[in-house]
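structure.pdb (PDB, C-alpha atoms) appears below.
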```pdb
ATOM      1  CA  MET A   1     176.763  68.202  56.815  1.00  0.00           C
ATOM      2  CA  ARG A   2     179.812  70.412  56.927  1.00  0.00           C
ATOM      3  CA  HIS A   3     179.480  74.093  56.022  1.00  0.00           C
ATOM      4  CA  GLY A   4     182.395  75.773  54.255  1.00  0.00           C
ATOM      5  CA  SER A   5     185.356  74.193  52.566  1.00  0.00           C
ATOM      6  CA  ILE A   6     187.733  71.688  54.095  1.00  0.00           C
ATOM      7  CA  PRO A   7     191.095  73.320  54.871  1.00  0.00           C
ATOM      8  CA  GLY A   8     193.785  72.512  52.341  1.00  0.00           C
ATOM      9  CA  THR A   9     191.529  71.355  49.521  1.00  0.00           C
ATOM     10  CA  HIS A  10     192.439  74.454  47.510  1.00  0.00           C
ATOM     11  CA  GLY A  11     196.108  74.374  48.479  1.00  0.00           C
ATOM     12  CA  ARG A  12     199.095  72.714  46.919  1.00  0.00           C
ATOM     13  CA  VAL A  13     201.444  70.338  48.660  1.00  0.00           C
ATOM     14  CA  ARG A  14     204.872  71.927  49.012  1.00  0.00           C
ATOM     15  CA  PRO A  15     208.239  70.314  49.767  1.00  0.00           C
ATOM     16  CA  LEU A  16     209.117  70.184  53.449  1.00  0.00           C
ATOM     17  CA  THR A  17     212.151  71.991  54.816  1.00  0.00           C
ATOM     18  CA  LEU A  18     214.304  69.444  56.645  1.00  0.00           C
ATOM     19  CA  LEU A  19     216.567  69.737  59.665  1.00  0.00           C
ATOM     20  CA  GLY A  20     219.813  71.446  58.707  1.00  0.00           C
ATOM     21  CA  ASP A  21     218.162  73.981  56.411  1.00  0.00           C
ATOM     22  CA  PRO A  22     218.929  77.498  57.731  1.00  0.00           C
ATOM     23  CA  ALA A  23     215.236  78.440  57.328  1.00  0.00           C
ATOM     24  CA  LEU A  24     214.402  76.270  60.355  1.00  0.00           C
ATOM     25  CA  HIS A  25     216.922  78.039  62.569  1.00  0.00           C
ATOM     26  CA  ALA A  26     216.055  81.696  61.964  1.00  0.00           C
ATOM     27  CA  PRO A  27     213.214  83.640  63.592  1.00  0.00           C
ATOM     28  CA  CYS A  28     210.334  84.320  61.203  1.00  0.00           C
ATOM     29  CA  GLU A  29     209.075  87.756  60.207  1.00  0.00           C
ATOM     30  CA  GLU A  30     205.711  89.209  61.255  1.00  0.00           C
ATOM     31  CA  VAL A  31     202.947  89.049  58.654  1.00  0.00           C
ATOM     32  CA  THR A  32     201.967  92.548  57.539  1.00  0.00           C
ATOM     33  CA  GLY A  33     199.533  91.836  54.698  1.00  0.00           C
ATOM     34  CA  PHE A  34     196.272  89.984  55.250  1.00  0.00           C
ATOM     35  CA  GLY A  35     195.342  89.421  51.617  1.00  0.00           C
ATOM     36  CA  PRO A  36     194.846  86.558  49.173  1.00  0.00           C
ATOM     37  CA  GLY A  37     198.529  85.571  49.311  1.00  0.00           C
ATOM     38  CA  LEU A  38     198.229  84.830  53.017  1.00  0.00           C
ATOM     39  CA  ALA A  39     195.042  82.817  52.471  1.00  0.00           C
ATOM     40  CA  ASP A  40     196.855  80.799  49.773  1.00  0.00           C
ATOM     41  CA  LEU A  41     199.764  80.157  52.155  1.00  0.00           C
ATOM     42  CA  VAL A  42     197.399  78.857  54.855  1.00  0.00           C
ATOM     43  CA  GLU A  43     195.744  76.545  52.293  1.00  0.00           C
ATOM     44  CA  ASP A  44     199.171  75.269  51.206  1.00  0.00           C
ATOM     45  CA  LEU A  45     200.145  74.689  54.838  1.00  0.00           C
ATOM     46  CA  PHE A  46     197.036  72.583  55.447  1.00  0.00           C
ATOM     47  CA  ALA A  47     197.499  70.627  52.199  1.00  0.00           C
ATOM     48  CA  THR A  48     201.150  69.915  53.018  1.00  0.00           C
ATOM     49  CA  MET A  49     200.423  69.013  56.645  1.00  0.00           C
ATOM     50  CA  TYR A  50     197.693  66.550  55.635  1.00  0.00           C
ATOM     51  CA  ALA A  51     199.819  65.016  52.864  1.00  0.00           C
ATOM     52  CA  ALA A  52     202.626  64.425  55.393  1.00  0.00           C
ATOM     53  CA  ARG A  53     200.168  63.142  58.019  1.00  0.00           C
ATOM     54  CA  GLY A  54     201.103  65.768  60.585  1.00  0.00           C
ATOM     55  CA  VAL A  55     199.129  67.564  63.287  1.00  0.00           C
ATOM     56  CA  GLY A  56     200.745  70.989  62.857  1.00  0.00           C
ATOM     57  CA  LEU A  57     202.930  72.867  60.396  1.00  0.00           C
ATOM     58  CA  ALA A  58     204.713  76.208  60.527  1.00  0.00           C
ATOM     59  CA  ALA A  59     205.359  78.347  57.454  1.00  0.00           C
ATOM     60  CA  ASN A  60     209.152  78.049  57.661  1.00  0.00           C
ATOM     61  CA  GLN A  61     208.745  74.286  57.295  1.00  0.00           C
ATOM     62  CA  ILE A  62     207.767  74.934  53.676  1.00  0.00           C
ATOM     63  CA  GLY A  63     210.367  77.644  53.163  1.00  0.00           C
ATOM     64  CA  GLU A  64     208.218  80.688  53.972  1.00  0.00           C
ATOM     65  CA  PRO A  65     209.904  82.726  56.765  1.00  0.00           C
ATOM     66  CA  VAL A  66     206.696  84.284  58.125  1.00  0.00           C
ATOM     67  CA  ARG A  67     204.869  83.851  61.442  1.00  0.00           C
ATOM     68  CA  VAL A  68     201.998  81.510  60.509  1.00  0.00           C
ATOM     69  CA  PHE A  69     201.109  77.975  61.538  1.00  0.00           C
ATOM     70  CA  VAL A  70     198.213  75.564  61.063  1.00  0.00           C
ATOM     71  CA  TYR A  71     197.021  72.669  63.198  1.00  0.00           C
ATOM     72  CA  ASP A  72     194.602  69.757  63.214  1.00  0.00           C
ATOM     73  CA  CYS A  73     195.448  68.138  66.518  1.00  0.00           C
ATOM     74  CA  PRO A  74     193.664  66.220  69.266  1.00  0.00           C
ATOM     75  CA  ASP A  75     194.075  66.953  72.939  1.00  0.00           C
ATOM     76  CA  ASP A  76     194.423  64.231  75.569  1.00  0.00           C
ATOM     77  CA  GLU A  77     190.636  63.764  75.671  1.00  0.00           C
ATOM     78  CA  ASP A  78     190.657  63.158  71.896  1.00  0.00           C
ATOM     79  CA  VAL A  79     188.891  66.459  71.171  1.00  0.00           C
ATOM     80  CA  ARG A  80     189.931  67.714  67.727  1.00  0.00           C
ATOM     81  CA  HIS A  81     191.349  71.238  67.408  1.00  0.00           C
ATOM     82  CA  LEU A  82     191.512  72.674  63.883  1.00  0.00           C
ATOM     83  CA  GLY A  83     192.732  76.101  62.844  1.00  0.00           C
ATOM     84  CA  HIS A  84     195.544  78.473  62.051  1.00  0.00           C
ATOM     85  CA  VAL A  85     197.251  81.417  63.743  1.00  0.00           C
ATOM     86  CA  VAL A  86     198.952  84.376  62.090  1.00  0.00           C
ATOM     87  CA  ASN A  87     201.575  86.267  64.123  1.00  0.00           C
ATOM     88  CA  PRO A  88     201.140  83.943  67.111  1.00  0.00           C
ATOM     89  CA  ARG A  89     202.468  84.771  70.552  1.00  0.00           C
ATOM     90  CA  LEU A  90     202.753  82.077  73.196  1.00  0.00           C
ATOM     91  CA  VAL A  91     201.281  84.035  76.117  1.00  0.00           C
ATOM     92  CA  GLU A  92     201.007  81.153  78.601  1.00  0.00           C
ATOM     93  CA  ALA A  93     202.826  77.868  79.002  1.00  0.00           C
ATOM     94  CA  ASP A  94     202.233  76.480  82.450  1.00  0.00           C
ATOM     95  CA  GLY A  95     200.940  73.611  84.511  1.00  0.00           C
ATOM     96  CA  LEU A  96     202.785  70.331  84.764  1.00  0.00           C
ATOM     97  CA  VAL A  97     205.939  69.732  82.769  1.00  0.00           C
ATOM     98  CA  LEU A  98     205.550  66.374  81.061  1.00  0.00           C
ATOM     99  CA  ARG A  99     208.028  64.422  78.986  1.00  0.00           C
ATOM    100  CA  GLY A 100     206.328  62.857  76.011  1.00  0.00           C
ATOM    101  CA  PRO A 101     207.127  61.629  72.528  1.00  0.00           C
ATOM    102  CA  GLU A 102     207.536  64.457  70.061  1.00  0.00           C
ATOM    103  CA  GLY A 103     208.159  64.266  66.351  1.00  0.00           C
ATOM    104  CA  CYS A 104     208.382  66.793  63.559  1.00  0.00           C
ATOM    105  CA  LEU A 105     207.673  66.768  59.848  1.00  0.00           C
ATOM    106  CA  SER A 106     211.098  68.379  59.363  1.00  0.00           C
ATOM    107  CA  LEU A 107     212.736  65.365  61.063  1.00  0.00           C
ATOM    108  CA  PRO A 108     210.703  62.631  59.347  1.00  0.00           C
ATOM    109  CA  GLY A 109     210.466  59.281  61.078  1.00  0.00           C
ATOM    110  CA  LEU A 110     212.185  60.416  64.280  1.00  0.00           C
ATOM    111  CA  GLU A 111     210.911  61.277  67.743  1.00  0.00           C
ATOM    112  CA  ALA A 112     212.268  61.859  71.218  1.00  0.00           C
ATOM    113  CA  GLY A 113     210.906  62.333  74.711  1.00  0.00           C
ATOM    114  CA  THR A 114     210.637  66.110  75.040  1.00  0.00           C
ATOM    115  CA  GLU A 115     209.534  68.135  78.046  1.00  0.00           C
ATOM    116  CA  ARG A 116     206.616  70.528  77.508  1.00  0.00           C
ATOM    117  CA  TYR A 117     204.033  72.214  79.687  1.00  0.00           C
ATOM    118  CA  ASP A 118     200.593  70.596  79.670  1.00  0.00           C
ATOM    119  CA  HIS A 119     198.775  73.921  79.176  1.00  0.00           C
ATOM    120  CA  ALA A 120     199.391  76.631  76.583  1.00  0.00           C
ATOM    121  CA  VAL A 121     197.652  79.753  75.313  1.00  0.00           C
ATOM    122  CA  VAL A 122     198.485  81.369  71.978  1.00  0.00           C
ATOM    123  CA  GLU A 123     197.187  84.742  70.803  1.00  0.00           C
ATOM    124  CA  GLY A 124     197.319  85.998  67.253  1.00  0.00           C
ATOM    125  CA  PHE A 125     195.114  86.627  64.248  1.00  0.00           C
ATOM    126  CA  THR A 126     193.116  84.722  61.666  1.00  0.00           C
ATOM    127  CA  VAL A 127     193.894  84.913  57.961  1.00  0.00           C
ATOM    128  CA  THR A 128     191.387  87.793  57.729  1.00  0.00           C
ATOM    129  CA  GLY A 129     193.034  89.759  60.543  1.00  0.00           C
ATOM    130  CA  GLU A 130     190.551  88.938  63.303  1.00  0.00           C
ATOM    131  CA  PRO A 131     192.076  88.439  66.777  1.00  0.00           C
ATOM    132  CA  VAL A 132     192.128  84.830  67.974  1.00  0.00           C
ATOM    133  CA  THR A 133     193.074  83.112  71.227  1.00  0.00           C
ATOM    134  CA  VAL A 134     193.775  79.376  71.237  1.00  0.00           C
ATOM    135  CA  HIS A 135     193.850  77.367  74.492  1.00  0.00           C
ATOM    136  CA  GLY A 136     195.458  73.935  74.544  1.00  0.00           C
ATOM    137  CA  THR A 137     195.916  71.166  77.071  1.00  0.00           C
ATOM    138  CA  GLY A 138     197.856  67.925  76.923  1.00  0.00           C
ATOM    139  CA  PHE A 139     198.994  66.875  73.459  1.00  0.00           C
ATOM    140  CA  PHE A 140     197.432  69.958  71.862  1.00  0.00           C
ATOM    141  CA  ALA A 141     199.387  72.215  74.263  1.00  0.00           C
ATOM    142  CA  ARG A 142     202.530  70.379  73.129  1.00  0.00           C
ATOM    143  CA  CYS A 143     201.578  71.076  69.498  1.00  0.00           C
ATOM    144  CA  LEU A 144     201.053  74.806  70.133  1.00  0.00           C
ATOM    145  CA  GLN A 145     204.418  75.137  71.885  1.00  0.00           C
ATOM    146  CA  HIS A 146     206.129  73.129  69.121  1.00  0.00           C
ATOM    147  CA  GLU A 147     204.741  75.328  66.328  1.00  0.00           C
ATOM    148  CA  CYS A 148     205.548  78.569  68.180  1.00  0.00           C
ATOM    149  CA  ASP A 149     209.105  77.272  68.629  1.00  0.00           C
ATOM    150  CA  HIS A 150     209.414  76.789  64.861  1.00  0.00           C
ATOM    151  CA  LEU A 151     208.578  80.437  64.267  1.00  0.00           C
ATOM    152  CA  GLU A 152     211.334  81.442  66.698  1.00  0.00           C
ATOM    153  CA  GLY A 153     213.877  79.316  64.817  1.00  0.00           C
ATOM    154  CA  ARG A 154     213.856  76.326  67.178  1.00  0.00           C
ATOM    155  CA  VAL A 155     213.061  72.643  66.682  1.00  0.00           C
ATOM    156  CA  TYR A 156     212.195  70.133  69.396  1.00  0.00           C
ATOM    157  CA  ALA A 157     215.739  68.734  69.266  1.00  0.00           C
ATOM    158  CA  ASP A 158     216.917  72.069  70.702  1.00  0.00           C
ATOM    159  CA  HIS A 159     215.103  71.183  73.957  1.00  0.00           C
ATOM    160  CA  LEU A 160     216.996  67.922  74.366  1.00  0.00           C
ATOM    161  CA  THR A 161     220.168  67.508  76.382  1.00  0.00           C
ATOM    162  CA  GLY A 162     222.627  64.779  77.241  1.00  0.00           C
ATOM    163  CA  LEU A 163     221.996  61.222  76.128  1.00  0.00           C
ATOM    164  CA  ARG A 164     218.559  61.989  74.652  1.00  0.00           C
ATOM    165  CA  ARG A 165     220.075  64.644  72.356  1.00  0.00           C
ATOM    166  CA  ARG A 166     223.041  62.462  71.361  1.00  0.00           C
ATOM    167  CA  ARG A 167     220.723  59.566  70.473  1.00  0.00           C
ATOM    168  CA  LEU A 168     218.507  61.760  68.316  1.00  0.00           C
ATOM    169  CA  MET A 169     221.480  63.356  66.547  1.00  0.00           C
ATOM    170  CA  ARG A 170     222.891  59.882  65.750  1.00  0.00           C
ATOM    171  CA  GLN A 171     219.518  58.939  64.260  1.00  0.00           C
ATOM    172  CA  VAL A 172     219.452  62.188  62.261  1.00  0.00           C
ATOM    173  CA  SER A 173     222.915  61.495  60.839  1.00  0.00           C
ATOM    174  CA  ARG A 174     221.753  58.046  59.631  1.00  0.00           C
ATOM    175  CA  ALA A 175     218.326  59.156  58.380  1.00  0.00           C
ATOM    176  CA  PRO A 176     217.662  58.412  54.691  1.00  0.00           C
ATOM    177  CA  TRP A 177     216.522  62.001  54.070  1.00  0.00           C
ATOM    178  CA  ARG A 178     219.983  63.268  55.147  1.00  0.00           C
ATOM    179  CA  ARG A 179     221.755  61.558  52.237  1.00  0.00           C
TER     180      ARG A 179
END
```

Please express the file's structure as structure tokens.
Amino acid sequence: MRHGSIPGTHGRVRPLTLLGDPALHAPCEEVTGFGPGLADLVEDLFATMYAARGVGLAANQIGEPVRVFVYDCPDDEDVRHLGHVVNPRLVEADGLVLRGPEGCLSLPGLEAGTERYDHAVVEGFTVTGEPVTVHGTGFFARCLQHECDHLEGRVYADHLTGLRRRRLMRQVSRAPWRR
């Protein structure tokens, strides 16, 4: 039996911000108020992430330019990691650099082999202002780095170069959501 509510059940699904929207390419502002509005935002992030079948979602992906993200993501051992971070700082990204498939809810239906470290540590706060440290390995480390990038105004396509970047950009230009 689960104690407490399931994240997102009290939230509303919001429209996703898609690649090309300036909100995805600007650094987000620090959160200064830890009140009910922030709790509502976190609920909306979870609801939207689950509706879109994602494993992570940053606030600017729903048009809110603040430093918050949520996640429900497995690591490479299929251990589930569920939570949120307010004002996250990526304090460690190390280990092996691995190229793996990476997608994004703001680039629906697309993915590209993107290089990320296989270990990451993020520090920040919970929705109530309590300090939190999140450690990730494998796919979950990729997720943490991806969401922190969003809050800095970067998307995974920004990590691509050469042929890989050109291929993705051609797919973006033909994507149905671009029309």

Counting all atoms listed in the file, which residues in region 3-42 of chain A sit no more than 10 Å from region 131-152 of chain A? For each one, give the nearest pair of atoms and the distance in Å, sorted by chain then residue number, as CSV.
```
residue,atom,partner,partner_atom,distance
A:Ala23,CA,A:His150,CA,9.7
A:Leu24,CA,A:His150,CA,6.7
A:His25,CA,A:Glu152,CA,7.7
A:Ala26,CA,A:Glu152,CA,6.7
A:Pro27,CA,A:Glu152,CA,4.2
A:Cys28,CA,A:Leu151,CA,5.2
A:Glu29,CA,A:Leu151,CA,8.4
A:Glu30,CA,A:Leu151,CA,9.7
```

Query raised in the report: CA of Thr48 (chain A) and CA of Thr114 (chain A), how far apart in Å?
Result: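 Going from CA of Thr114 (chain A) over to CA of Thr48 (chain A), I get 24.3 Å.
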
Report task. List the residues selected by the PyMOL selection byres ((chain A and resi 58) around 10) in the file shown, writing them as a ChimeraX atom specification. Result -> /A:24,28,42,45-46,49,56-57,59-71,84-85,105,146-151

Could you list the residues chosen by the PyMOL selection byres ((chain A and resi 126) around 9) in this structure as a compact mmCIF listing (two decimals) with C-alpha atoms, keeping the file's coordinate frame?
```txt
# COMPACT_ATOMS: atom_id res chain seq x y z
CA PHE A 34 196.27 89.98 55.25
CA GLY A 83 192.73 76.10 62.84
CA HIS A 84 195.54 78.47 62.05
CA VAL A 85 197.25 81.42 63.74
CA VAL A 86 198.95 84.38 62.09
CA ASN A 87 201.58 86.27 64.12
CA GLY A 124 197.32 86.00 67.25
CA PHE A 125 195.11 86.63 64.25
CA VAL A 127 193.89 84.91 57.96
CA THR A 128 191.39 87.79 57.73
CA GLY A 129 193.03 89.76 60.54
CA GLU A 130 190.55 88.94 63.30
CA PRO A 131 192.08 88.44 66.78
CA VAL A 132 192.13 84.83 67.97
```

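Atom to atom, CA of Gly100 (chain A) and CA of Ala175 (chain A) stand 21.6 Å apart.
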
How would region 16-105 of chain A of the given structure read as a file with C-alpha atoms, as a PDB file, in the first residue's frame?
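Written out: part_18.pdb:
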```
ATOM      1  CA  LEU A  16       4.479  21.503 -24.075  1.00  0.00           C
ATOM      2  CA  THR A  17       6.897  24.149 -25.296  1.00  0.00           C
ATOM      3  CA  LEU A  18       8.444  22.911 -28.543  1.00  0.00           C
ATOM      4  CA  LEU A  19      11.861  23.432 -30.085  1.00  0.00           C
ATOM      5  CA  GLY A  20      12.111  26.913 -31.566  1.00  0.00           C
ATOM      6  CA  ASP A  21      10.232  28.593 -28.725  1.00  0.00           C
ATOM      7  CA  PRO A  22      12.542  31.193 -27.110  1.00  0.00           C
ATOM      8  CA  ALA A  23      11.587  29.866 -23.643  1.00  0.00           C
ATOM      9  CA  LEU A  24      13.699  26.757 -24.305  1.00  0.00           C
ATOM     10  CA  HIS A  25      16.791  28.788 -25.137  1.00  0.00           C
ATOM     11  CA  ALA A  26      16.963  31.186 -22.185  1.00  0.00           C
ATOM     12  CA  PRO A  27      18.364  30.412 -18.730  1.00  0.00           C
ATOM     13  CA  CYS A  28      15.653  30.036 -16.089  1.00  0.00           C
ATOM     14  CA  GLU A  29      15.314  32.173 -12.975  1.00  0.00           C
ATOM     15  CA  GLU A  30      15.928  30.927  -9.426  1.00  0.00           C
ATOM     16  CA  VAL A  31      12.829  30.070  -7.403  1.00  0.00           C
ATOM     17  CA  THR A  32      12.455  32.457  -4.468  1.00  0.00           C
ATOM     18  CA  GLY A  33       9.062  31.466  -3.052  1.00  0.00           C
ATOM     19  CA  PHE A  34       8.389  28.007  -1.654  1.00  0.00           C
ATOM     20  CA  GLY A  35       4.620  28.273  -1.330  1.00  0.00           C
ATOM     21  CA  PRO A  36       1.480  26.693  -2.764  1.00  0.00           C
ATOM     22  CA  GLY A  37       2.171  28.070  -6.256  1.00  0.00           C
ATOM     23  CA  LEU A  38       5.405  26.099  -6.432  1.00  0.00           C
ATOM     24  CA  ALA A  39       3.674  22.935  -5.208  1.00  0.00           C
ATOM     25  CA  ASP A  40       1.019  23.413  -7.922  1.00  0.00           C
ATOM     26  CA  LEU A  41       3.740  23.836 -10.561  1.00  0.00           C
ATOM     27  CA  VAL A  42       5.428  20.585  -9.488  1.00  0.00           C
ATOM     28  CA  GLU A  43       2.061  18.775  -9.675  1.00  0.00           C
ATOM     29  CA  ASP A  44       1.469  20.201 -13.163  1.00  0.00           C
ATOM     30  CA  LEU A  45       4.955  19.118 -14.236  1.00  0.00           C
ATOM     31  CA  PHE A  46       4.304  15.542 -13.114  1.00  0.00           C
ATOM     32  CA  ALA A  47       0.851  15.463 -14.743  1.00  0.00           C
ATOM     33  CA  THR A  48       2.246  16.795 -18.027  1.00  0.00           C
ATOM     34  CA  MET A  49       5.269  14.482 -17.972  1.00  0.00           C
ATOM     35  CA  TYR A  50       3.087  11.408 -17.393  1.00  0.00           C
ATOM     36  CA  ALA A  51       0.557  12.453 -20.049  1.00  0.00           C
ATOM     37  CA  ALA A  52       3.407  12.804 -22.575  1.00  0.00           C
ATOM     38  CA  ARG A  53       5.009   9.536 -21.420  1.00  0.00           C
ATOM     39  CA  GLY A  54       8.301  11.156 -20.475  1.00  0.00           C
ATOM     40  CA  VAL A  55      10.867  10.417 -17.774  1.00  0.00           C
ATOM     41  CA  GLY A  56      11.692  14.035 -16.903  1.00  0.00           C
ATOM     42  CA  LEU A  57      10.338  17.527 -17.471  1.00  0.00           C
ATOM     43  CA  ALA A  58      11.706  20.991 -16.775  1.00  0.00           C
ATOM     44  CA  ALA A  59       9.502  23.984 -15.987  1.00  0.00           C
ATOM     45  CA  ASN A  60      10.458  25.910 -19.132  1.00  0.00           C
ATOM     46  CA  GLN A  61       9.064  23.018 -21.169  1.00  0.00           C
ATOM     47  CA  ILE A  62       5.606  24.145 -20.051  1.00  0.00           C
ATOM     48  CA  GLY A  63       6.388  27.837 -20.396  1.00  0.00           C
ATOM     49  CA  GLU A  64       7.453  28.556 -16.806  1.00  0.00           C
ATOM     50  CA  PRO A  65      10.974  30.105 -16.811  1.00  0.00           C
ATOM     51  CA  VAL A  66      11.943  28.921 -13.314  1.00  0.00           C
ATOM     52  CA  ARG A  67      14.551  26.416 -12.111  1.00  0.00           C
ATOM     53  CA  VAL A  68      12.442  23.325 -11.344  1.00  0.00           C
ATOM     54  CA  PHE A  69      12.313  19.849 -12.843  1.00  0.00           C
ATOM     55  CA  VAL A  70      10.612  16.537 -12.094  1.00  0.00           C
ATOM     56  CA  TYR A  71      11.620  12.983 -12.941  1.00  0.00           C
ATOM     57  CA  ASP A  72      10.358   9.416 -12.870  1.00  0.00           C
ATOM     58  CA  CYS A  73      13.242   7.601 -14.496  1.00  0.00           C
ATOM     59  CA  PRO A  74      14.946   4.216 -14.263  1.00  0.00           C
ATOM     60  CA  ASP A  75      18.681   3.759 -14.075  1.00  0.00           C
ATOM     61  CA  ASP A  76      20.540   1.067 -16.010  1.00  0.00           C
ATOM     62  CA  GLU A  77      19.681  -1.525 -13.343  1.00  0.00           C
ATOM     63  CA  ASP A  78      15.977  -0.687 -13.790  1.00  0.00           C
ATOM     64  CA  VAL A  79      15.747   0.962 -10.359  1.00  0.00           C
ATOM     65  CA  ARG A  80      13.054   3.657 -10.436  1.00  0.00           C
ATOM     66  CA  HIS A  81      13.966   7.194  -9.347  1.00  0.00           C
ATOM     67  CA  LEU A  82      11.050   9.538  -8.627  1.00  0.00           C
ATOM     68  CA  GLY A  83      11.216  13.131  -7.454  1.00  0.00           C
ATOM     69  CA  HIS A  84      11.694  16.792  -8.179  1.00  0.00           C
ATOM     70  CA  VAL A  85      14.416  19.392  -7.651  1.00  0.00           C
ATOM     71  CA  VAL A  86      13.990  23.128  -7.154  1.00  0.00           C
ATOM     72  CA  ASN A  87      16.965  25.371  -7.993  1.00  0.00           C
ATOM     73  CA  PRO A  88      19.089  22.394  -9.063  1.00  0.00           C
ATOM     74  CA  ARG A  89      22.832  22.622  -9.535  1.00  0.00           C
ATOM     75  CA  LEU A  90      24.697  19.909 -11.403  1.00  0.00           C
ATOM     76  CA  VAL A  91      27.622  19.509  -8.991  1.00  0.00           C
ATOM     77  CA  GLU A  92      29.164  16.385 -10.542  1.00  0.00           C
ATOM     78  CA  ALA A  93      29.106  14.887 -14.008  1.00  0.00           C
ATOM     79  CA  ASP A  94      31.866  12.354 -14.364  1.00  0.00           C
ATOM     80  CA  GLY A  95      32.789   8.786 -15.116  1.00  0.00           C
ATOM     81  CA  LEU A  96      32.598   7.357 -18.602  1.00  0.00           C
ATOM     82  CA  VAL A  97      31.263   9.430 -21.467  1.00  0.00           C
ATOM     83  CA  LEU A  98      28.713   7.300 -23.284  1.00  0.00           C
ATOM     84  CA  ARG A  99      26.809   8.005 -26.467  1.00  0.00           C
ATOM     85  CA  GLY A 100      23.233   6.860 -26.158  1.00  0.00           C
ATOM     86  CA  PRO A 101      19.818   7.595 -27.597  1.00  0.00           C
ATOM     87  CA  GLU A 102      18.308  10.752 -26.186  1.00  0.00           C
ATOM     88  CA  GLY A 103      14.904  12.226 -26.842  1.00  0.00           C
ATOM     89  CA  CYS A 104      12.969  15.163 -25.478  1.00  0.00           C
ATOM     90  CA  LEU A 105       9.313  15.981 -24.991  1.00  0.00           C
TER      91      LEU A 105
END
```
